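Structure file protein29.txt; described as compact mmCIF, C-alpha atoms.
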```txt
# COMPACT_ATOMS: atom_id res chain seq x y z
CA MET Q 228 -1.03 13.40 16.51
CA MET Q 229 -2.44 12.03 13.28
CA ILE Q 230 -0.60 10.03 10.63
CA LEU Q 231 -2.03 9.17 7.24
CA VAL Q 232 -0.49 6.05 5.71
CA THR Q 233 -1.10 5.43 2.03
CA GLY Q 234 0.27 3.21 -0.74
CA GLY Q 235 -0.63 0.59 -3.31
CA SER Q 236 -1.91 -2.95 -2.81
CA GLY Q 237 0.41 -5.33 -1.02
CA SER Q 238 2.92 -2.57 -0.34
CA GLY Q 239 3.34 -3.12 3.41
CA LYS Q 240 1.07 -0.29 4.61
CA SER Q 241 -0.41 -2.32 7.48
CA ALA Q 242 2.93 -3.53 8.81
CA PHE Q 243 4.25 0.03 8.73
CA ALA Q 244 1.13 1.41 10.46
CA GLU Q 245 1.34 -1.25 13.18
CA ASP Q 246 5.01 -0.38 13.72
CA CYS Q 247 3.95 3.27 14.18
CA VAL Q 248 1.46 2.20 16.85
CA ILE Q 249 4.08 0.17 18.72
CA ALA Q 250 6.55 3.07 18.45
CA CYS Q 251 4.05 5.37 20.19
CA GLY Q 252 4.55 3.37 23.38
CA GLU Q 253 2.20 2.03 26.02
CA MET Q 254 -1.37 3.25 25.72
CA PRO Q 255 -4.64 1.50 24.94
CA ARG Q 256 -4.50 0.29 21.33
CA ILE Q 257 -7.72 0.28 19.36
CA TYR Q 258 -7.96 -1.22 15.89
CA ILE Q 259 -10.92 -0.10 13.84
CA ALA Q 260 -11.62 -2.83 11.29
CA THR Q 261 -13.63 -1.81 8.25
CA MET Q 262 -13.67 -4.84 5.97
CA TYR Q 263 -16.95 -6.69 6.02
CA PRO Q 264 -16.17 -10.40 5.61
CA PHE Q 265 -18.64 -11.21 2.85
CA ASP Q 266 -16.82 -14.04 1.06
CA GLU Q 267 -13.97 -16.51 1.39
CA GLU Q 268 -11.36 -14.11 0.01
CA SER Q 269 -12.29 -11.28 2.37
CA ARG Q 270 -12.42 -13.70 5.32
CA LYS Q 271 -8.86 -14.79 4.45
CA ARG Q 272 -7.82 -11.17 4.21
CA VAL Q 273 -9.31 -10.40 7.62
CA LYS Q 274 -7.57 -13.45 9.09
CA ARG Q 275 -4.21 -12.40 7.65
CA HIS Q 276 -4.53 -9.00 9.32
CA ARG Q 277 -5.67 -10.55 12.60
CA ASP Q 278 -2.63 -12.83 12.58
CA MET Q 279 -0.38 -9.82 11.95
CA ARG Q 280 -1.88 -7.96 14.94
CA PHE Q 281 -1.85 -10.97 17.24
CA GLY Q 282 0.07 -10.36 20.45
CA LYS Q 283 0.36 -6.60 19.88
CA GLY Q 284 -2.35 -5.74 22.40
CA PHE Q 285 -5.00 -4.37 20.08
CA GLU Q 286 -8.66 -4.26 20.95
CA THR Q 287 -10.62 -4.62 17.71
CA VAL Q 288 -13.67 -2.49 17.02
CA GLU Q 289 -15.63 -3.34 13.89
CA CYS Q 290 -17.00 -0.38 12.00
CA TYR Q 291 -18.45 -0.89 8.54
CA THR Q 292 -20.44 2.35 8.44
CA GLY Q 293 -21.21 5.19 10.86
CA LEU Q 294 -17.69 6.10 12.00
CA SER Q 295 -19.03 9.31 13.58
CA GLY Q 296 -20.78 7.22 16.24
CA VAL Q 297 -17.73 5.22 17.35
CA LYS Q 298 -16.55 5.62 20.95
CA VAL Q 299 -12.97 4.91 21.94
CA PRO Q 300 -11.25 5.26 25.34
CA GLU Q 301 -9.67 8.62 26.06
CA GLY Q 302 -5.90 8.76 25.65
CA CYS Q 303 -5.76 5.75 23.36
CA ILE Q 304 -4.10 5.21 20.02
CA VAL Q 305 -6.40 4.30 17.15
CA LEU Q 306 -5.39 2.47 14.00
CA LEU Q 307 -8.14 2.68 11.40
CA GLU Q 308 -7.78 0.36 8.43
CA CYS Q 309 -8.67 0.82 5.66
CA MET Q 310 -10.25 4.04 4.43
CA SER Q 311 -10.86 2.54 0.98
CA ASN Q 312 -13.15 -0.07 2.58
CA LEU Q 313 -14.90 2.41 4.82
CA VAL Q 314 -15.60 4.77 1.93
CA ALA Q 315 -16.85 1.84 -0.19
CA ASN Q 316 -19.14 0.74 2.66
CA GLU Q 317 -20.59 4.21 3.20
CA PHE Q 318 -20.93 4.75 -0.54
CA PHE Q 319 -22.40 1.40 -1.61
CA ARG Q 320 -23.97 -0.34 1.37
CA GLU Q 321 -27.64 -0.01 2.13
CA ASP Q 322 -26.93 1.30 5.64
CA GLY Q 323 -24.39 3.81 4.29
CA THR Q 324 -24.77 7.54 3.68
CA HIS Q 325 -24.24 7.30 -0.12
CA GLU Q 326 -23.86 10.82 -1.57
CA ASN Q 327 -23.03 12.15 1.91
CA THR Q 328 -20.11 9.75 2.33
CA GLU Q 329 -17.40 12.41 2.39
CA VAL Q 330 -19.18 14.45 5.06
CA GLU Q 331 -19.89 11.39 7.22
CA ILE Q 332 -16.32 10.09 7.02
CA LEU Q 333 -14.73 13.44 7.86
CA LYS Q 334 -17.15 13.85 10.76
CA GLY Q 335 -16.07 10.38 11.89
CA ILE Q 336 -12.38 11.26 11.72
CA ARG Q 337 -12.91 14.48 13.69
CA ASN Q 338 -14.86 12.43 16.23
CA LEU Q 339 -11.90 10.07 16.65
CA LYS Q 340 -9.38 12.91 16.80
CA THR Q 341 -11.16 14.50 19.76
CA GLN Q 342 -11.21 11.21 21.70
CA ALA Q 343 -7.90 9.56 20.86
CA GLU Q 344 -4.42 10.73 21.77
CA ASN Q 345 -3.04 9.43 18.48
CA LEU Q 346 -4.77 8.47 15.27
CA ILE Q 347 -3.27 6.48 12.41
CA VAL Q 348 -5.37 6.08 9.28
CA VAL Q 349 -4.47 3.66 6.51
CA THR Q 350 -5.81 4.50 3.09
CA ASN Q 351 -5.12 3.26 -0.42
CA GLU Q 352 -3.84 4.63 -3.72
CA ILE Q 353 -6.30 3.44 -6.36
CA PHE Q 354 -5.81 6.30 -8.75
CA SER Q 355 -2.93 5.44 -11.07
CA GLU Q 356 -3.60 2.94 -13.82
CA ALA Q 357 -4.39 2.69 -17.47
CA ALA Q 358 -7.93 1.43 -17.05
CA SER Q 359 -10.57 4.10 -16.71
CA TYR Q 360 -13.89 3.62 -15.04
CA GLU Q 361 -17.35 4.96 -15.42
CA GLY Q 362 -20.39 5.37 -13.26
CA GLU Q 363 -20.27 4.15 -9.69
CA THR Q 364 -16.62 3.06 -9.66
CA GLU Q 365 -15.44 6.42 -10.92
CA ALA Q 366 -17.71 8.18 -8.43
CA TYR Q 367 -16.24 6.04 -5.65
CA GLN Q 368 -12.67 6.89 -6.73
CA LYS Q 369 -13.59 10.55 -6.67
CA VAL Q 370 -14.99 10.36 -3.14
CA LEU Q 371 -11.98 8.43 -1.82
CA GLY Q 372 -9.63 10.89 -3.54
CA LYS Q 373 -11.42 13.82 -1.91
CA VAL Q 374 -11.41 12.13 1.49
CA ASN Q 375 -7.69 11.43 1.14
CA GLN Q 376 -7.02 15.08 0.33
CA ARG Q 377 -8.93 16.23 3.41
CA LEU Q 378 -7.14 13.68 5.58
CA GLY Q 379 -3.84 14.92 4.17
CA ILE Q 380 -4.63 18.39 5.45
CA MET Q 381 -5.77 17.13 8.87
CA ALA Q 382 -2.80 14.78 9.36
CA ASP Q 383 0.50 15.84 10.92
CA SER Q 384 2.36 13.40 8.71
CA VAL Q 385 1.48 11.79 5.40
CA VAL Q 386 3.54 8.80 4.41
CA GLU Q 387 3.36 6.62 1.32
CA VAL Q 388 4.66 3.10 1.84
CA VAL Q 389 6.45 1.85 -1.28
CA TYR Q 390 7.31 -1.85 -1.04
CA GLY Q 391 7.77 -1.41 2.70
CA ILE Q 392 9.82 1.80 2.38
CA PRO Q 393 8.29 4.94 3.90
CA VAL Q 394 8.30 7.94 1.55
CA TYR Q 395 7.15 11.07 3.40
CA HIS Q 396 4.97 13.60 1.62
CA LYS Q 397 4.41 15.64 4.78
CA LYS Q 398 6.33 15.34 7.96
CA GLY Q 399 5.61 16.37 11.51
CA GLY Q 400 3.02 19.10 11.07
CA ASP Q 401 5.25 21.45 9.08
CA PHE Q 402 3.62 23.91 6.69
CA HIS Q 403 2.89 21.84 3.65
CA GLU Q 404 3.29 24.06 0.64
CA LYS Q 405 1.94 21.48 -1.77
CA SER Q 406 -1.39 20.95 -0.04
CA VAL Q 407 -4.28 21.93 -2.28
CA GLU Q 408 -5.76 24.31 0.28
CA GLN Q 409 -2.77 26.63 0.11
CA LEU Q 410 -2.45 26.80 -3.67
CA MET T 213 20.54 -6.93 -4.40
CA GLU T 214 19.32 -3.63 -5.78
CA MET T 215 15.96 -2.64 -7.26
CA VAL T 216 14.65 -0.10 -9.75
CA ILE T 217 10.89 0.31 -9.51
CA GLY T 218 8.12 2.58 -10.77
CA GLY T 219 5.04 2.71 -12.98
CA ALA T 220 4.96 1.40 -16.54
CA PHE T 221 6.72 3.42 -19.29
CA GLN T 222 8.73 5.63 -16.95
CA GLY T 223 12.15 4.80 -18.40
CA LYS T 224 13.12 2.33 -15.70
CA ALA T 225 15.09 0.00 -17.98
CA ALA T 226 17.00 2.85 -19.64
CA PHE T 227 17.71 4.28 -16.21
CA ALA T 228 18.92 0.92 -14.92
CA GLU T 229 21.18 0.38 -17.94
CA LYS T 230 22.83 3.74 -17.23
CA MET T 231 23.02 3.18 -13.50
CA TYR T 232 24.48 -0.31 -13.83
CA PRO T 233 26.68 -0.26 -16.95
CA GLY T 234 28.21 -3.45 -18.25
CA ILE T 235 25.51 -5.72 -16.86
CA SER T 236 23.79 -8.19 -19.14
CA TRP T 237 20.03 -7.96 -18.81
CA VAL T 238 17.40 -10.62 -19.28
CA LYS T 239 13.64 -10.20 -19.57
CA GLY T 240 11.36 -11.48 -16.83
CA ASN T 241 8.79 -12.97 -19.20
CA GLU T 242 11.43 -14.94 -21.15
CA ILE T 243 13.41 -16.67 -18.42
CA SER T 244 13.09 -19.82 -16.34
CA ARG T 245 13.60 -19.94 -12.58
CA GLU T 246 17.13 -21.25 -13.08
CA GLU T 247 17.92 -18.32 -15.35
CA LEU T 248 16.44 -15.92 -12.79
CA PHE T 249 18.69 -17.38 -10.11
CA SER T 250 21.82 -16.88 -12.22
CA ALA T 251 20.95 -13.53 -13.87
CA ARG T 252 22.96 -10.36 -13.25
CA GLY T 253 20.11 -8.02 -14.19
CA VAL T 254 16.40 -8.66 -14.78
CA VAL T 255 14.04 -6.19 -16.42
CA GLY T 256 10.27 -6.70 -16.12
CA PHE T 257 10.56 -8.78 -12.95
CA HIS T 258 6.79 -8.42 -12.45
CA GLU T 259 6.33 -10.22 -15.78
CA PHE T 260 8.29 -13.14 -14.41
CA ILE T 261 5.83 -13.37 -11.50
CA LYS T 262 2.88 -13.16 -13.88
CA LYS T 263 4.30 -15.89 -16.13
CA GLU T 264 4.94 -18.21 -13.17
CA MET T 265 1.42 -17.66 -11.81
CA GLU T 266 -0.12 -18.26 -15.23
CA GLN T 267 1.80 -21.53 -15.42
CA GLY T 268 0.50 -22.49 -11.99
CA SER T 269 3.94 -22.43 -10.29
CA SER T 270 4.01 -21.49 -6.64
CA VAL T 271 5.43 -18.02 -6.08
CA GLU T 272 4.84 -17.94 -2.34
CA ALA T 273 8.51 -18.46 -1.43
CA LEU T 274 9.95 -16.79 -4.54
CA ALA T 275 11.39 -13.81 -2.67
CA GLU T 276 13.15 -15.98 -0.07
CA GLU T 277 14.50 -18.30 -2.76
CA LEU T 278 15.80 -15.42 -4.86
CA ILE T 279 17.48 -13.82 -1.84
CA ARG T 280 19.19 -17.13 -1.06
CA LYS T 281 20.22 -18.07 -4.59
CA ASN T 282 20.93 -14.73 -6.26
CA PRO T 283 21.51 -12.06 -3.60
CA GLU T 284 23.45 -9.76 -5.95
CA VAL T 285 20.87 -9.51 -8.75
CA ILE T 286 19.62 -6.13 -10.01
CA LEU T 287 15.82 -6.21 -10.44
CA VAL T 288 13.73 -3.81 -12.48
CA SER T 289 10.03 -4.11 -11.73
CA ASP T 290 6.79 -2.27 -12.35
CA GLU T 291 4.64 -1.16 -9.46
CA VAL T 292 1.21 -2.59 -10.27
CA GLY T 293 -0.87 -1.96 -7.15
CA TYR T 294 -1.98 1.63 -7.69
CA GLY T 295 -5.35 1.06 -9.30
CA VAL T 296 -8.88 0.03 -8.44
CA VAL T 297 -8.98 -3.55 -7.10
CA PRO T 298 -9.64 -5.68 -10.22
CA VAL T 299 -12.85 -7.66 -10.58
CA ASP T 300 -10.89 -10.59 -12.01
CA ALA T 301 -9.58 -12.94 -9.28
CA PHE T 302 -6.30 -13.74 -11.09
CA GLN T 303 -5.51 -10.05 -11.66
CA ARG T 304 -6.33 -9.34 -8.03
CA ALA T 305 -4.01 -12.09 -6.79
CA TYR T 306 -1.27 -11.14 -9.28
CA ARG T 307 -0.98 -7.52 -8.20
CA GLU T 308 -0.97 -8.48 -4.55
CA VAL T 309 1.74 -11.13 -5.06
CA VAL T 310 3.90 -8.61 -6.95
CA GLY T 311 3.49 -6.23 -4.00
CA ARG T 312 4.27 -8.76 -1.29
CA THR T 313 7.20 -10.28 -3.19
CA CYS T 314 8.77 -6.91 -4.02
CA THR T 315 8.24 -5.70 -0.44
CA LYS T 316 10.29 -8.64 0.85
CA LEU T 317 12.95 -8.08 -1.81
CA ALA T 318 13.07 -4.33 -1.10
CA SER T 319 13.57 -5.08 2.58
CA PHE T 320 16.61 -7.20 1.66
CA SER T 321 17.95 -4.83 -1.04
CA ARG T 322 20.71 -2.40 -0.13
CA LYS T 323 19.38 0.16 -2.59
CA VAL T 324 15.95 0.88 -4.07
CA THR T 325 15.45 3.55 -6.73
CA ARG T 326 12.03 4.70 -7.88
CA VAL T 327 11.76 6.11 -11.39
CA VAL T 328 9.10 8.67 -12.32
CA CYS T 329 9.26 10.45 -15.70
CA GLY T 330 12.70 8.97 -16.24
CA ILE T 331 14.03 10.51 -13.03
CA GLY T 332 15.32 8.15 -10.39
CA THR T 333 14.87 8.93 -6.70
CA VAL T 334 16.70 6.72 -4.26
CA ILE T 335 14.14 5.80 -1.59
CA LYS T 336 16.36 3.35 0.24
CA HIS T 337 20.13 3.15 0.55
CA ASP T 338 21.70 1.17 3.39
```
Structure encoded using structure tokens:
Amino acid sequence: MMILVTGGSGSGKSAFAEDCVIACGEMPRIYIATMYPFDEESRKRVKRHRDMRFGKGFETVECYTGLSGVKVPEGCIVLLECMSNLVANEFFREDGTHENTEVEILKGIRNLKTQAENLIVVTNEIFSEAASYEGETEAYQKVLGKVNQRLGIMADSVVEVVYGIPVYHKKGGDFHEKSVEQL
Amino acid sequence: MEMVIGGAFQGKAAFAEKMYPGISWVKGNEISREELFSARGVVGFHEFIKKEMEQGSSVEALAEELIRKNPEVILVSDEVGYGVVPVDAFQRAYREVVGRTCTKLASFSRKVTRVVCGIGTVIKHD
């Protein structure tokens, strides 16, 4: 089973995703962390998430780039957070795949799907605002948007967390008439 | 407590005025904390948070305080976290605080309505 969790900043996506993991019951819990702690603010952010996960039995695997090479135990549940970081890493970092980001990420997700029993991916809505961007930022938005669309097709459920409230866009693997592929 | 949320310029205030007739509304950017704690209805609640942060007031426990002191208030607030993470540190902190504060308040609220294109969808109703 795969669940895609999306939403805005500070909307409670992580707490919801962690609740999903707990609800799946007893199985090895792997947390794939994607934020590279490069400054004080990101270190604080990482610490906040670590504190949230504390005591929930997660084993943390750090993956900044190269998701397709990650190995996880068979029959486990994976929580990958956050796709917006992973895409940024692949797109901008020296050791990333740059223009091949979308291909690499999707390969990575398929790789996880074949190994894990359950996969929960947290991504981010960064697409609705007045400001418009040019160059690299716009290119990054485009890649993340495309990745999100592909993940939406692959996932059994797609849920947007709005101030902690789950709003389902796709539920339980039903035919999803709104998905771009079927239009 | 009840909330009406959504993006900017979606008709949230007009919707709220219709949904909660007879309530007197105050504007988030014009009121003090005391006024917030005694208000019946607040529009632009996110602007209250912004104003407090700009003035250097702590907003860390704002949600808890509001729940304790004014549990029946109707809040209208923008959702501000749906864009690219801002380069500016204050803007970055502001949108995250709005998110975290409203998430706590939504958890406490008996009803949350999200307005898109003037149309309200109830996303939570206990």
Next item on the list: With a distance cut-off of 9 Å and all atoms listed in the file, select the neighbouring residues of T:Leu287, excluding the residue or stretch itself and same-chain residues fewer than 3 positions from it, and output the selection as number ranges by chain.
Entry: T: 213-217, 228, 252-257
Check: Residues of chain T within 8 Å of chain Q, using all atoms listed in the file, as a list in words?
Finding: Val292, Gly293, Tyr294, Gly295, Val296, Val297, Arg307, Glu308, Val309, Val310, Gly311, Arg312, Cys314, Thr315, Lys316, Ala318, Ser319, Ile335 and Lys336 of chain T
Notebook entry, point to check: Can you list, as number ranges by chain, every protein, DNA or RNA residue that comes within 9 Å of stretch 292-299 of chain Q when you count only C-alpha atoms, leaving out same-chain residues fewer than 6 positions away?
Noted result: Q: 257, 261, 305, 313-314, 316-317, 320, 322-324, 331-339, 342-343
Write the selection just made, keeping C-alpha atoms, as a PDB file, in the coordinates of the input?
```pdb
ATOM      1  CA  ILE Q 257      -7.720   0.280  19.360  1.00  0.00           C
ATOM      2  CA  THR Q 261     -13.630  -1.810   8.250  1.00  0.00           C
ATOM      3  CA  VAL Q 305      -6.400   4.300  17.150  1.00  0.00           C
ATOM      4  CA  LEU Q 313     -14.900   2.410   4.820  1.00  0.00           C
ATOM      5  CA  VAL Q 314     -15.600   4.770   1.930  1.00  0.00           C
ATOM      6  CA  ASN Q 316     -19.140   0.740   2.660  1.00  0.00           C
ATOM      7  CA  GLU Q 317     -20.590   4.210   3.200  1.00  0.00           C
ATOM      8  CA  ARG Q 320     -23.970  -0.340   1.370  1.00  0.00           C
ATOM      9  CA  ASP Q 322     -26.930   1.300   5.640  1.00  0.00           C
ATOM     10  CA  GLY Q 323     -24.390   3.810   4.290  1.00  0.00           C
ATOM     11  CA  THR Q 324     -24.770   7.540   3.680  1.00  0.00           C
ATOM     12  CA  GLU Q 331     -19.890  11.390   7.220  1.00  0.00           C
ATOM     13  CA  ILE Q 332     -16.320  10.090   7.020  1.00  0.00           C
ATOM     14  CA  LEU Q 333     -14.730  13.440   7.860  1.00  0.00           C
ATOM     15  CA  LYS Q 334     -17.150  13.850  10.760  1.00  0.00           C
ATOM     16  CA  GLY Q 335     -16.070  10.380  11.890  1.00  0.00           C
ATOM     17  CA  ILE Q 336     -12.380  11.260  11.720  1.00  0.00           C
ATOM     18  CA  ARG Q 337     -12.910  14.480  13.690  1.00  0.00           C
ATOM     19  CA  ASN Q 338     -14.860  12.430  16.230  1.00  0.00           C
ATOM     20  CA  LEU Q 339     -11.900  10.070  16.650  1.00  0.00           C
ATOM     21  CA  GLN Q 342     -11.210  11.210  21.700  1.00  0.00           C
ATOM     22  CA  ALA Q 343      -7.900   9.560  20.860  1.00  0.00           C
TER      23      ALA Q 343
END
```
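The space separating atom CA of T:Phe249 from atom CA of T:Gly332 comes to 25.8 Å.
Relative to atom CA of Q:Val288, atom CA of Q:Ile249 is found at 18.0 Å.
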Notebook entry, point to check: What is the distance, in Å and to one decimal place, between atom CA of T:Arg245 and atom CA of T:Leu274?
Noted result: 9.4 Å
Next item on the list: Would you mind listing what lies within 9 Å of Q:Val374 as a PyMOL selection string, with all atoms listed in the file counted and same-chain residues fewer than 2 positions away left out?
Entry: chain Q and resi 310+314+329-330+332-333+369-372+376-379
Note to self: List as a PyMOL selection string the protein and nucleic acid residues near T:Lys263, meaning an atom at most 12 Å away when all atoms listed in the file are counted, but skip any in the same chain fewer than 3 places from it.
What the structure shows: chain T and resi 239-245+256-260+266-271+302+306+310
Notebook entry, point to check: Quick one: residues within 12 Å of T:Glu229, all atoms listed in the file counted, chain neighbours fewer than 2 positions away excluded, as a PyMOL selection string?
Noted result: chain T and resi 216+223-227+231-238+252-255+286-288
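Checking Q:Thr233, Q:Thr341, Q:Ser384, Q:Thr350 one by one against Q:Glu301, counting only C-alpha atoms, you find the shortest gap at Q:Thr341.
Distances from Q:Phe285, Q:Ala366, Q:Pro264, Q:Ile259 to Q:His325 were compared using all atoms listed in the file, and the smallest one belongs to Q:Ala366.
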Pull out stretch 245-270 of chain Q, keep N, CA and C atoms, and write it as a short mmCIF file (atom, residue, chain, number, x, y, z; two decimals), in the first residue's frame.
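Result file is selection10.cif:
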```cif
data_model
loop_
_atom_site.label_atom_id
_atom_site.label_comp_id
_atom_site.auth_asym_id
_atom_site.auth_seq_id
_atom_site.Cartn_x
_atom_site.Cartn_y
_atom_site.Cartn_z
N GLU Q 245 2.90 10.15 10.49
CA GLU Q 245 3.36 9.28 11.58
C GLU Q 245 2.19 8.49 12.17
N ASP Q 246 1.03 9.14 12.29
CA ASP Q 246 -0.16 8.43 12.77
C ASP Q 246 -0.53 7.28 11.83
N CYS Q 247 -0.38 7.51 10.52
CA CYS Q 247 -0.65 6.45 9.52
C CYS Q 247 0.26 5.26 9.77
N VAL Q 248 1.54 5.55 10.03
CA VAL Q 248 2.52 4.48 10.26
C VAL Q 248 2.10 3.66 11.48
N ILE Q 249 1.78 4.35 12.56
CA ILE Q 249 1.39 3.67 13.80
C ILE Q 249 0.14 2.82 13.55
N ALA Q 250 -0.80 3.38 12.77
CA ALA Q 250 -2.07 2.69 12.50
C ALA Q 250 -1.85 1.41 11.70
N CYS Q 251 -0.74 1.32 10.98
CA CYS Q 251 -0.46 0.12 10.17
C CYS Q 251 -0.03 -1.06 11.03
N GLY Q 252 0.22 -0.82 12.31
CA GLY Q 252 0.53 -1.91 13.23
C GLY Q 252 2.01 -2.21 13.33
N GLU Q 253 2.30 -3.37 13.93
CA GLU Q 253 3.68 -3.74 14.23
C GLU Q 253 4.40 -4.26 13.00
N MET Q 254 5.37 -3.55 12.55
CA MET Q 254 6.29 -4.00 11.51
C MET Q 254 7.48 -3.06 11.58
N PRO Q 255 8.62 -3.47 11.04
CA PRO Q 255 9.78 -2.57 11.11
C PRO Q 255 9.44 -1.20 10.51
N ARG Q 256 9.79 -0.14 11.23
CA ARG Q 256 9.47 1.22 10.78
C ARG Q 256 10.73 1.95 10.35
N ILE Q 257 10.79 2.28 9.10
CA ILE Q 257 11.95 2.98 8.56
C ILE Q 257 11.55 4.41 8.20
N TYR Q 258 12.36 5.35 8.67
CA TYR Q 258 12.13 6.76 8.33
C TYR Q 258 13.24 7.21 7.41
N ILE Q 259 12.89 7.62 6.21
CA ILE Q 259 13.90 8.13 5.29
C ILE Q 259 13.93 9.65 5.39
N ALA Q 260 15.02 10.15 5.96
CA ALA Q 260 15.17 11.59 6.19
C ALA Q 260 15.91 12.21 5.01
N THR Q 261 15.39 13.32 4.51
CA THR Q 261 15.96 13.90 3.29
C THR Q 261 16.53 15.30 3.47
N MET Q 262 16.32 15.88 4.66
CA MET Q 262 16.81 17.25 4.84
C MET Q 262 18.26 17.27 5.29
N TYR Q 263 19.10 17.84 4.48
CA TYR Q 263 20.51 17.98 4.84
C TYR Q 263 20.66 19.14 5.82
N PRO Q 264 21.20 18.86 7.01
CA PRO Q 264 21.28 19.93 8.02
C PRO Q 264 22.44 20.88 7.74
N PHE Q 265 22.20 21.90 6.92
CA PHE Q 265 23.29 22.76 6.48
C PHE Q 265 23.41 24.05 7.29
N ASP Q 266 22.38 24.39 8.07
CA ASP Q 266 22.50 25.59 8.91
C ASP Q 266 21.69 25.40 10.19
N GLU Q 267 21.71 26.44 11.02
CA GLU Q 267 21.06 26.37 12.32
C GLU Q 267 19.57 26.08 12.18
N GLU Q 268 18.93 26.77 11.24
CA GLU Q 268 17.48 26.61 11.06
C GLU Q 268 17.12 25.18 10.65
N SER Q 269 17.90 24.62 9.71
CA SER Q 269 17.58 23.26 9.27
C SER Q 269 17.91 22.24 10.35
N ARG Q 270 18.94 22.53 11.15
CA ARG Q 270 19.26 21.62 12.27
C ARG Q 270 18.12 21.61 13.29
#
```
